[in-house]
Structure formats: structure tokens, C-alpha cells
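To keep things clear, I will list the structure first and then write my remarks on it.
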Amino acid sequence: MMKHYTIGGALALALLTSTAIAQTDANGVAQIPTVAAQPAATATSPDKSLVVTIALDNDGRPTYAVTRKGKPVLNPSKLGVMFTDAPKIERNLELIGKTTASADSSWTQPFGEWKTIRDRHNELALRFREKTGLKREMDVTFRIFDDGIGFRYSFPDQPNLHQANIADELTEFAFAQNGTAWWKPALQWNREEYLYEKTPLDAVGTAQTVMTVKLADGTHAAVHEAALIDYAAMNLARSEGNTFKAALTPGAGAPKVVRTAPFASPWRTVILSDDAPGLYMSHLELNLNEPNKLGDVSWIKPGKFVGVWWNMIKGDWTWATGPKHGATTANVKTYIDFAAANRIPGVLVEGWNVGWNGDWFGNGNDMQFDQPTPDFDAAELYRYAKAKGVYLVGHNETGGSASHYDAQLDRAFSYARDHGIPVIKTGYVTDAGQIERVDADGTRKREWHEGQWMANHYLRVVQTAAKYKVGIDSHEPIKDTGLRRTYPNWLSREGGRGMEYNAWPGKNPPNHEANMFFTQWLGGPMDFTPGVLSLEGSGGSPLLSTEAKQLALYVVIYSPVTMAADTPENYAKHMDAFQFIRDVPVDWSETRVLNGEVGEYVTVARKDRAGEDWYLGSITNEAPRMLTVALNFLDSGRNYTAEVYRDGAGADYRTSARHAIAIEKRSVKKGDTLSLALAPGGGQAIRFVAAGKARRR
Ligand code: NOJ
Ligand code: CA
């Protein structure tokens, strides 16, 4: 990385001094002319398509603005921070230092959507200082990629800013054009589990990130954050027109963030692209996270799993012990047998431990994460699973009692280690703002899932799990900000409306996954739990999906731990389609998004990390469509057999023909064109089997 330094407030100030003179109006009232902010610094992306301009106005207020291909994307947008016990840092600032750097390197994901990730960006780091008064210093560092920007605040340790009690940020995102936004509401009771709204940009309320926007000129933007560590999550509160202000998630105390300088905020990120597929192809999110801190991570086990789960979600079995208890030794053995017979490495078991009897929702204080129920023979199941080449996936539901879980982490993970459990699904089922925190002095507090204290809790769980060589799949999590790069054992998470909503009334609508792909899934993997081939939730209620779409989701969704969510009995009725779930991998060397529009459709091609086969998944919303894809992603000079699982004649998510599926084979090669006919609420899944190449497993 090259760095160039220029330090010198006097020089910068000379450029910024304004000569505007106040006028009076007819009534003699002084009219303060608007003084155009003077550029204090500019920086471009490596390909020069993005230009970031930082300016200071006459009052010493810093702003940043972004143009793309010469057109404004973000108008001058404020920067700054408010404190609970000190004046805000927002005005009266001068620029006293500037460094630039550029980077172009590549790194390898231990597992992921791409094997190799290129990180090419220019960096501009600015130091501002208050001209008078407390004379506090604030750094803002921009990283400008060809496909977007990230910036963050950092605060050097200084006499007037040692402990920072942050009330909120003043960071703005002032979109330069109107457009359409896909967003879900922030700070509501049901955490992250809301459907996406599609509204004009200037009709958004307070949104969670990722918020995706299609601007009037067609430019796509996705606003999010990266490397959310020891800080509160950022939401976006629309202040006026197309302007949004960062709104940090609260905590139990008055400051939303308490930090001791020196410290840095997470990166505030905006991915920019000509089209929706380009948003997903960006690596900006991962590149703004620190490299792997765990060293050798060969012990981390990506893989598919089945589970003692869907029957509970549907209400046929219970987590609690009793006549309908799901996690009995006999039931778990059935799932182990099914997994072994179908080369699925993992079996999730929920409701295996003491603590579920009674009201566990919002109260996990009875949960014991190393004590199985009497009808769950842990030693026997460990032996039985191991003999069949299967491992159990653990489950720790905290009911939101996070401190109670904290106190048990070492016990929970040593239990997992001793029972050959490589992955634990965690859970935090309680309403937003109702996480129970108990301090060392016994004080009980209520926290938000995405507040600073919980950001630290989730990471503490992941870090402690790593000591025991256990991976984590968090449900009711904090949002994904790319920390899987730094802590690869943070395998996956939920954080949105997953398959479980299809068990209940108010099912996910057909556009849900096409919304999620271009919003939440830009942030990272989701444990969505696809593959309900019965297409039935509780009481036989139908899913709003075709059978082929369930298969396509295995390629569309990236998650290194991916569930085959239906029951063995149900899969037994759909073994022809289930073959695709058996075959599809969870780890990829390449990913291409071939087409897509937010909330409408998307087609994804991915190459097996452990072999030469390619896979394709294509999904649509309620609209039927015919998509043409060029098979340019296939390797040249190689013949493939395409194993196609497509919507059959008359397939439709609204009728019993949702099960109509056609499975066929054809020979293809690079450069061929395929037509994908997607039914209403439908999809298509294809495995491209490379001729003469056995899978390396
Ligand atoms: C909600 C999770 O999303 C679901 O997967 C789990 O089964 C229940 N909580 C119980 O922990
Ligand atoms: Ca959930």
C-alpha cells in the first residue's frame, strides 16, 4: 500500500476561506448568503468513475458528496457525531491533515461465494480539528472502490475526547435523485423479521440497512455498514426529501455508544452499480473487514444439514418434553439415518436441552446448554451419528437472556466439543429492546438486539466458540456486516424472515426472496432454511412457491451451513426433486449474477469449490417469465450434462400445480443459450455436470 502525506491546516484553510458579504432585505433584516462549500479534498475510485468530494462550509461544517460517471449520486451530506455529555462535533472544523493511499491485492476466502477476492481501492484519510473551544480532532477515512465507497470516523485519544458517550451520529446520505427504495422498518418490535417495502425514496420512514435504491437514472445503490464491532448498528432515518440521517440503535443507557479513544466507527458503505446484479457482485463489504484473526480455520465445517425442526415450527412436535417432544433419541436417530443415506453431513436438533418447559419466549433463564433432557441420550446419539459419518448441529436458544448465556459459554462449547458438535445455531427469541442483560452487580437491563452491548455479545459468543473449534449460526442476530472475514466461524445467521414464516399464517410472498437477494443478502449469508418440498406449513397450509423454486434457492442463497428444512417423511415423497438438494454444494469458487431486478427475479450461477460442476438457480416473484441466459460462465472446451429441474406444465404457486416439476437432462457447452421458463412464484435449478470430471470429495 502506498501512502502520501500532506499535513497543514493553514494551507487547507486558505483554500476554504469565504469572502461572502451579508446583504439586508427591504425590511433591513440581514440575509446571510448561502456560501457554497469549498472543496477541501477529493478522491476518485481506481477507475475514476466515482469521485468523492469533501468540503467545509463557511461554518466549518464538513460534507462529503459522490458522483458516479459524472452524475451526482449523493449531494453534500453531513458528517459528525453527537454526545450525551459534550457538544457535538459537526461545525467550526478545519482540515489539518490529509493522507492518501491506494491498494490492489487479493485474498482467499476459506469458504464462500468466491474463492479469490480482489481489494482495489483508493483511500483518503482526513483529520479535522475544531478551530476554537475544545479543539477536538476527528478523522474521517474514505475508501473508494470502483463499485462504491466506505467511510468511517476515528477519534485519536485527546484531552477533550477520551471517553466518548455517543448520543448519535450526524452522518447523512443525501441522495441526489429520487428513486425507488426497498427497505424494512427499523426499531420495531419484530427485530429484523419484516417484509421489504417498495416505496418512492422520499416515502421511506426509518429503515434498517441494507436499504437498496434504484435512482431515477437507473443507478442502483445499497446503503449498509461494514465491520460493526463495539458499536451500535446504524439505521437510516429519512429527514427530508431524499436525505437520510444515521440513526444508531439504542442501548440500555443514554449514550448509544460508549467508547474510549482511540477508536473507530464501523464503515458506512454505499455500493453503486448500473444494475441490480452488480450490487451482489461487489466485494466492498468483505474488503472493509479485517482479515481472518483465527489463524488455521480448517476445522470449520461448512455443510448441509437436516433437522428436528420443521415439525416443531409447524406445531406438530414440541421443543419442551412431553408426549410430542421432538428431540427424542428415537426421532433423532431417524434423522441421522436419513442424513447418512443422503450424504448430508449434519443433523440439527432443537429442544434437546433442559429449559424449554414453561414460557421460554423472552425468557431463557432456565436454559442449560450442557444438560440434555432425559429422553435425549447424548452419548448414544454421538456414538450413533459418528458411526454413520454424521455430526449433530447444536442449538442454544437463549430466549433473549443474553447474560445467562454469557455465563454458560464455556460450558456450552466444551459440551459441543465433547460431543463432536462442530456448529451451534443460537437463538435470541424476544421482542426488540427486550434482551436481558445482567451486570456484575446484579443490575438487570433491557438491551436491543442491534445495540452496542449486543454487538459485543454476539462477537463474544463467536470468539469463545472459536476457542472450542465450534462454528456459530446466529438466529435473531445482529445484522451481517462482513465479520465472517475476520471470524470465519461466524458461519451464517438469520436476521430476516426465513422459511419459518411459511409454517405460519402470513406466509412470505413470492417476491420475498427476490427482495432479500438484493437487500439483506448483500450483507452476507443467511440461514434461510429452504427446501420444503412438501410446500406445506402448519395444518397443510400451502407455501407461496413452486417445488422447483425451493430447489433454485440452494443456488440463489449463499450460506455455508444450509438446511434441507423438510422432514424425512416429506422428502421420501419427493425423492426425484430431492436429488438436487443431495447434489448441490454449499461452498463455491465462483459466483455470477446473470440477471435480476430487485423484488422481481434473479438468476445466479455458482461453481462448486470442490469440483468442476456449475450450478444455476433462477427465481421469480408472482409473475411468470421467460429468461434467456448465455452459458458463458461454463469452462471452455468442456462438455456438460445439464440436469434441469424446472417448473412443469401449468406450475403455479397459487394452485396444487405448485408441485408440477419437470426433470430432464441435456448436453450443453459454453456459449450455448438457455431459456428459463419460470412459473408464477416459480424457479429453476440446474446442475451442469462437467464431462469426465469427478467431484473432488
Ligand atoms: C426462531 C428461529 O428462527 C427458529 O429457527 C428456531 O427454531 C426457534 N426460534 C426456536 O429457537
Ligand atoms: Ca427467527
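Residues in the C-alpha cells are numbered from 1 in each chain, the chains being A, B, ... in the order shown, and ligands are numbered from 1 in the order shown.
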Checklist entry - Can I get the residues close to ligand 2 as JSON, numbers by chain, where close means within 10 Å and we count only C-alpha atoms and all ligand atoms? => result {"A": [190, 191, 192, 193, 427, 428, 429, 430, 474, 475, 476, 477, 493, 494, 495, 496, 497, 498, 499, 500, 501, 527, 528]}
I need the residues from that last selection saved to file as a PDB file, in the first residue's frame (with N, CA and C atoms), if you can.
```
ATOM      1  N   ASN A 190     -40.537  -6.527  16.020  1.00  0.00           N
ATOM      2  CA  ASN A 190     -40.179  -7.844  15.478  1.00  0.00           C
ATOM      3  C   ASN A 190     -38.765  -7.878  14.898  1.00  0.00           C
ATOM      4  N   ARG A 191     -37.895  -7.071  15.451  1.00  0.00           N
ATOM      5  CA  ARG A 191     -36.472  -7.096  15.087  1.00  0.00           C
ATOM      6  C   ARG A 191     -36.267  -6.954  13.575  1.00  0.00           C
ATOM      7  N   GLU A 192     -35.537  -7.934  12.990  1.00  0.00           N
ATOM      8  CA  GLU A 192     -35.227  -7.837  11.553  1.00  0.00           C
ATOM      9  C   GLU A 192     -36.247  -8.576  10.714  1.00  0.00           C
ATOM     10  N   GLU A 193     -37.293  -9.118  11.350  1.00  0.00           N
ATOM     11  CA  GLU A 193     -38.150 -10.062  10.626  1.00  0.00           C
ATOM     12  C   GLU A 193     -39.372  -9.364  10.026  1.00  0.00           C
ATOM     13  N   GLY A 427     -30.046 -18.692  19.326  1.00  0.00           N
ATOM     14  CA  GLY A 427     -31.326 -18.012  19.138  1.00  0.00           C
ATOM     15  C   GLY A 427     -31.550 -16.960  20.202  1.00  0.00           C
ATOM     16  N   TYR A 428     -32.210 -15.897  19.832  1.00  0.00           N
ATOM     17  CA  TYR A 428     -32.475 -14.779  20.745  1.00  0.00           C
ATOM     18  C   TYR A 428     -33.918 -14.336  20.600  1.00  0.00           C
ATOM     19  N   VAL A 429     -34.838 -15.319  20.822  1.00  0.00           N
ATOM     20  CA  VAL A 429     -36.251 -15.015  20.620  1.00  0.00           C
ATOM     21  C   VAL A 429     -36.771 -14.165  21.770  1.00  0.00           C
ATOM     22  N   THR A 430     -36.869 -12.891  21.529  1.00  0.00           N
ATOM     23  CA  THR A 430     -37.581 -11.969  22.398  1.00  0.00           C
ATOM     24  C   THR A 430     -37.814 -10.718  21.565  1.00  0.00           C
ATOM     25  N   SER A 474     -26.123 -17.726  13.954  1.00  0.00           N
ATOM     26  CA  SER A 474     -26.972 -16.978  14.899  1.00  0.00           C
ATOM     27  C   SER A 474     -28.346 -16.685  14.323  1.00  0.00           C
ATOM     28  N   HIS A 475     -29.362 -17.031  15.072  1.00  0.00           N
ATOM     29  CA  HIS A 475     -30.727 -16.600  14.724  1.00  0.00           C
ATOM     30  C   HIS A 475     -31.101 -15.437  15.634  1.00  0.00           C
ATOM     31  N   GLU A 476     -32.060 -14.632  15.152  1.00  0.00           N
ATOM     32  CA  GLU A 476     -32.365 -13.351  15.810  1.00  0.00           C
ATOM     33  C   GLU A 476     -31.040 -12.633  16.105  1.00  0.00           C
ATOM     34  N   PRO A 477     -30.241 -12.485  15.069  1.00  0.00           N
ATOM     35  CA  PRO A 477     -28.875 -11.972  15.244  1.00  0.00           C
ATOM     36  C   PRO A 477     -28.820 -10.468  15.085  1.00  0.00           C
ATOM     37  N   ARG A 493     -26.229 -16.695   9.613  1.00  0.00           N
ATOM     38  CA  ARG A 493     -27.172 -16.100  10.554  1.00  0.00           C
ATOM     39  C   ARG A 493     -28.529 -15.995   9.884  1.00  0.00           C
ATOM     40  N   GLU A 494     -29.516 -15.660  10.693  1.00  0.00           N
ATOM     41  CA  GLU A 494     -30.857 -15.451  10.151  1.00  0.00           C
ATOM     42  C   GLU A 494     -31.007 -13.929   9.928  1.00  0.00           C
ATOM     43  N   GLY A 495     -31.778 -13.234  10.743  1.00  0.00           N
ATOM     44  CA  GLY A 495     -31.826 -11.783  10.613  1.00  0.00           C
ATOM     45  C   GLY A 495     -32.791 -11.305   9.559  1.00  0.00           C
ATOM     46  N   GLY A 496     -33.762 -12.105   9.248  1.00  0.00           N
ATOM     47  CA  GLY A 496     -34.805 -11.731   8.297  1.00  0.00           C
ATOM     48  C   GLY A 496     -35.893 -12.776   8.388  1.00  0.00           C
ATOM     49  N   ARG A 497     -36.912 -12.602   7.559  1.00  0.00           N
ATOM     50  CA  ARG A 497     -37.998 -13.600   7.567  1.00  0.00           C
ATOM     51  C   ARG A 497     -37.565 -14.820   6.772  1.00  0.00           C
ATOM     52  N   GLY A 498     -37.239 -15.882   7.485  1.00  0.00           N
ATOM     53  CA  GLY A 498     -36.821 -17.115   6.842  1.00  0.00           C
ATOM     54  C   GLY A 498     -38.005 -18.022   6.559  1.00  0.00           C
ATOM     55  N   MET A 499     -37.679 -19.282   6.298  1.00  0.00           N
ATOM     56  CA  MET A 499     -38.700 -20.280   5.967  1.00  0.00           C
ATOM     57  C   MET A 499     -39.733 -20.444   7.071  1.00  0.00           C
ATOM     58  N   GLU A 500     -39.320 -20.198   8.324  1.00  0.00           N
ATOM     59  CA  GLU A 500     -40.251 -20.438   9.432  1.00  0.00           C
ATOM     60  C   GLU A 500     -41.579 -19.697   9.218  1.00  0.00           C
ATOM     61  N   TYR A 501     -41.534 -18.540   8.551  1.00  0.00           N
ATOM     62  CA  TYR A 501     -42.783 -17.793   8.323  1.00  0.00           C
ATOM     63  C   TYR A 501     -43.734 -18.539   7.400  1.00  0.00           C
ATOM     64  N   ASP A 527     -29.122 -18.094   6.995  1.00  0.00           N
ATOM     65  CA  ASP A 527     -29.652 -19.439   7.234  1.00  0.00           C
ATOM     66  C   ASP A 527     -31.166 -19.366   7.028  1.00  0.00           C
ATOM     67  N   PHE A 528     -31.540 -19.419   5.769  1.00  0.00           N
ATOM     68  CA  PHE A 528     -32.939 -19.218   5.383  1.00  0.00           C
ATOM     69  C   PHE A 528     -33.760 -20.494   5.553  1.00  0.00           C
TER      70      PHE A 528
END
```
Checklist entry - Residues at most 10 Å from region 203-205 of chain A, counting only C-alpha atoms, excluding those fewer than 2 positions away in the same chain, as a VMD selection string? => result chain A and resid 180 to 186 197 to 201 207 to 208 211 236 to 242 244
Store the residues picked out above, limited to C-alpha atoms, as a PDB file, in the first residue's frame.
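Now in result_18.pdb:
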```pdb
ATOM      1  CA  THR A 180     -37.429   3.602  -5.639  1.00  0.00           C
ATOM      2  CA  ALA A 181     -36.334   2.124  -2.324  1.00  0.00           C
ATOM      3  CA  TRP A 182     -36.566  -1.391  -0.921  1.00  0.00           C
ATOM      4  CA  TRP A 183     -36.394  -1.233   2.838  1.00  0.00           C
ATOM      5  CA  LYS A 184     -37.683  -2.674   6.076  1.00  0.00           C
ATOM      6  CA  PRO A 185     -38.615  -0.682   9.152  1.00  0.00           C
ATOM      7  CA  ALA A 186     -36.072  -0.203  11.920  1.00  0.00           C
ATOM      8  CA  GLU A 197     -41.372  -2.330   1.484  1.00  0.00           C
ATOM      9  CA  LYS A 198     -41.061  -0.899  -2.004  1.00  0.00           C
ATOM     10  CA  THR A 199     -41.733   2.854  -1.971  1.00  0.00           C
ATOM     11  CA  PRO A 200     -40.519   6.053  -3.559  1.00  0.00           C
ATOM     12  CA  LEU A 201     -37.254   7.020  -1.908  1.00  0.00           C
ATOM     13  CA  ALA A 207     -35.112   1.875   7.587  1.00  0.00           C
ATOM     14  CA  GLN A 208     -32.749  -0.873   8.556  1.00  0.00           C
ATOM     15  CA  MET A 211     -31.510  -0.373   2.078  1.00  0.00           C
ATOM     16  CA  LEU A 236     -31.414   5.274   8.257  1.00  0.00           C
ATOM     17  CA  ALA A 237     -33.935   7.908   9.317  1.00  0.00           C
ATOM     18  CA  ARG A 238     -35.265   9.959   6.420  1.00  0.00           C
ATOM     19  CA  SER A 239     -35.021  13.586   7.451  1.00  0.00           C
ATOM     20  CA  GLU A 240     -36.407  15.356   4.376  1.00  0.00           C
ATOM     21  CA  GLY A 241     -36.832  14.632   0.701  1.00  0.00           C
ATOM     22  CA  ASN A 242     -34.248  12.082  -0.304  1.00  0.00           C
ATOM     23  CA  PHE A 244     -31.297  10.179   5.343  1.00  0.00           C
TER      24      PHE A 244
END
```
Item to check | Selection near Thr141 (chain A), 12 Å with only C-alpha atoms, sequence-local residues under 6 positions removed, as a PyMOL selection string | outcome: chain A and resi 41+43+52+54+64+79+97-101+122-128+149-155+264-269+288
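Separating CA of Arg484 (chain A) from CA of Phe413 (chain A) is a distance of 19.1 Å.
Using only C-alpha atoms, the protein and nucleic acid residues lying no more than 6 Å from region 320-327 of chain A, apart from those fewer than 6 places from it along its own chain, are Gly351, Trp352, Trp356 and Asn357 of chain A.
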Generate a file of the selected residues that holds C-alpha atoms, formatted as a PDB file, in the first residue's frame.
```
ATOM      1  CA  GLY A 351     -35.312 -28.794  22.111  1.00  0.00           C
ATOM      2  CA  TRP A 352     -32.659 -31.295  23.268  1.00  0.00           C
ATOM      3  CA  TRP A 356     -37.806 -25.392  27.327  1.00  0.00           C
ATOM      4  CA  ASN A 357     -40.603 -26.447  29.628  1.00  0.00           C
TER       5      ASN A 357
END
```
Next on the checklist: Env of region 442-457 of chain A: 6 Å cut, atoms = only C-alpha atoms, seq-sep filter 6 positions within chain, self excluded. Answer as number ranges by chain.
Outcome noted: A: 230-233, 249-252, 432-436, 478
Please identify every residue of region 260-379 of chain A that has at least one atom no farther than 9 Å from an atom of region 565-583 of chain A, counting only C-alpha atoms, and for each give the shortest atom pair and the distance in Å to one decimal, arranged by chain then increasing number, as a tab-separated table.
```
residue	atom	partner	partner_atom	distance
A:Lys304	CA	A:Arg582	CA	8.9
A:Phe305	CA	A:Ala565	CA	8.2
A:Val306	CA	A:Ala565	CA	6.0
A:Gly307	CA	A:Ala565	CA	6.9
A:Val308	CA	A:Thr567	CA	7.9
A:Trp309	CA	A:Ala565	CA	7.5
A:Trp310	CA	A:Asp566	CA	6.1
A:Asn311	CA	A:Thr567	CA	7.3
A:Thr334	CA	A:Pro568	CA	8.1
A:Tyr335	CA	A:Pro568	CA	6.9
A:Phe338	CA	A:Pro568	CA	6.4
A:Ala339	CA	A:Pro568	CA	8.8
A:Asn342	CA	A:Arg582	CA	6.2
A:Arg343	CA	A:Arg582	CA	6.9
A:Ile344	CA	A:Arg582	CA	7.1
```
Include C-alpha atoms and write out the residues we just selected as a PDB file, in the first residue's frame.
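Written out: result_13.pdb:
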```
ATOM      1  CA  LYS A 304     -25.744 -29.054   4.638  1.00  0.00           C
ATOM      2  CA  PHE A 305     -27.894 -30.244   7.480  1.00  0.00           C
ATOM      3  CA  VAL A 306     -31.323 -31.645   8.114  1.00  0.00           C
ATOM      4  CA  GLY A 307     -33.005 -31.247  11.441  1.00  0.00           C
ATOM      5  CA  VAL A 308     -35.510 -31.985  14.119  1.00  0.00           C
ATOM      6  CA  TRP A 309     -37.061 -28.626  13.357  1.00  0.00           C
ATOM      7  CA  TRP A 310     -39.837 -28.215  10.757  1.00  0.00           C
ATOM      8  CA  ASN A 311     -42.201 -30.394  12.767  1.00  0.00           C
ATOM      9  CA  THR A 334     -34.376 -41.336  12.194  1.00  0.00           C
ATOM     10  CA  TYR A 335     -32.895 -38.012  11.078  1.00  0.00           C
ATOM     11  CA  PHE A 338     -31.813 -40.018   6.649  1.00  0.00           C
ATOM     12  CA  ALA A 339     -28.771 -37.729   6.639  1.00  0.00           C
ATOM     13  CA  ASN A 342     -28.315 -38.932   1.572  1.00  0.00           C
ATOM     14  CA  ARG A 343     -24.748 -37.783   2.261  1.00  0.00           C
ATOM     15  CA  ILE A 344     -25.923 -34.814   4.299  1.00  0.00           C
TER      16      ILE A 344
END
```
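Proximity ranking of A:Thr63, A:Ser589, A:Asn515, A:Ser105 relative to Asn287 (chain A) places A:Ser105 first, based on only C-alpha atoms.
Between ligand 1 and the residues A:Asp652, A:Glu350, A:Asp410, A:Glu597, the shortest atom-to-atom distance, using only C-alpha atoms and all ligand atoms, involves A:Glu350.
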Next on the checklist: Can you tell me which residues surround Ser106 (chain A) at a distance of at most 8 Å, considering only C-alpha atoms, apart from same-chain residues fewer than 3 positions away, and format the answer as a ChimeraX atom specification?
Outcome noted: /A:116-119
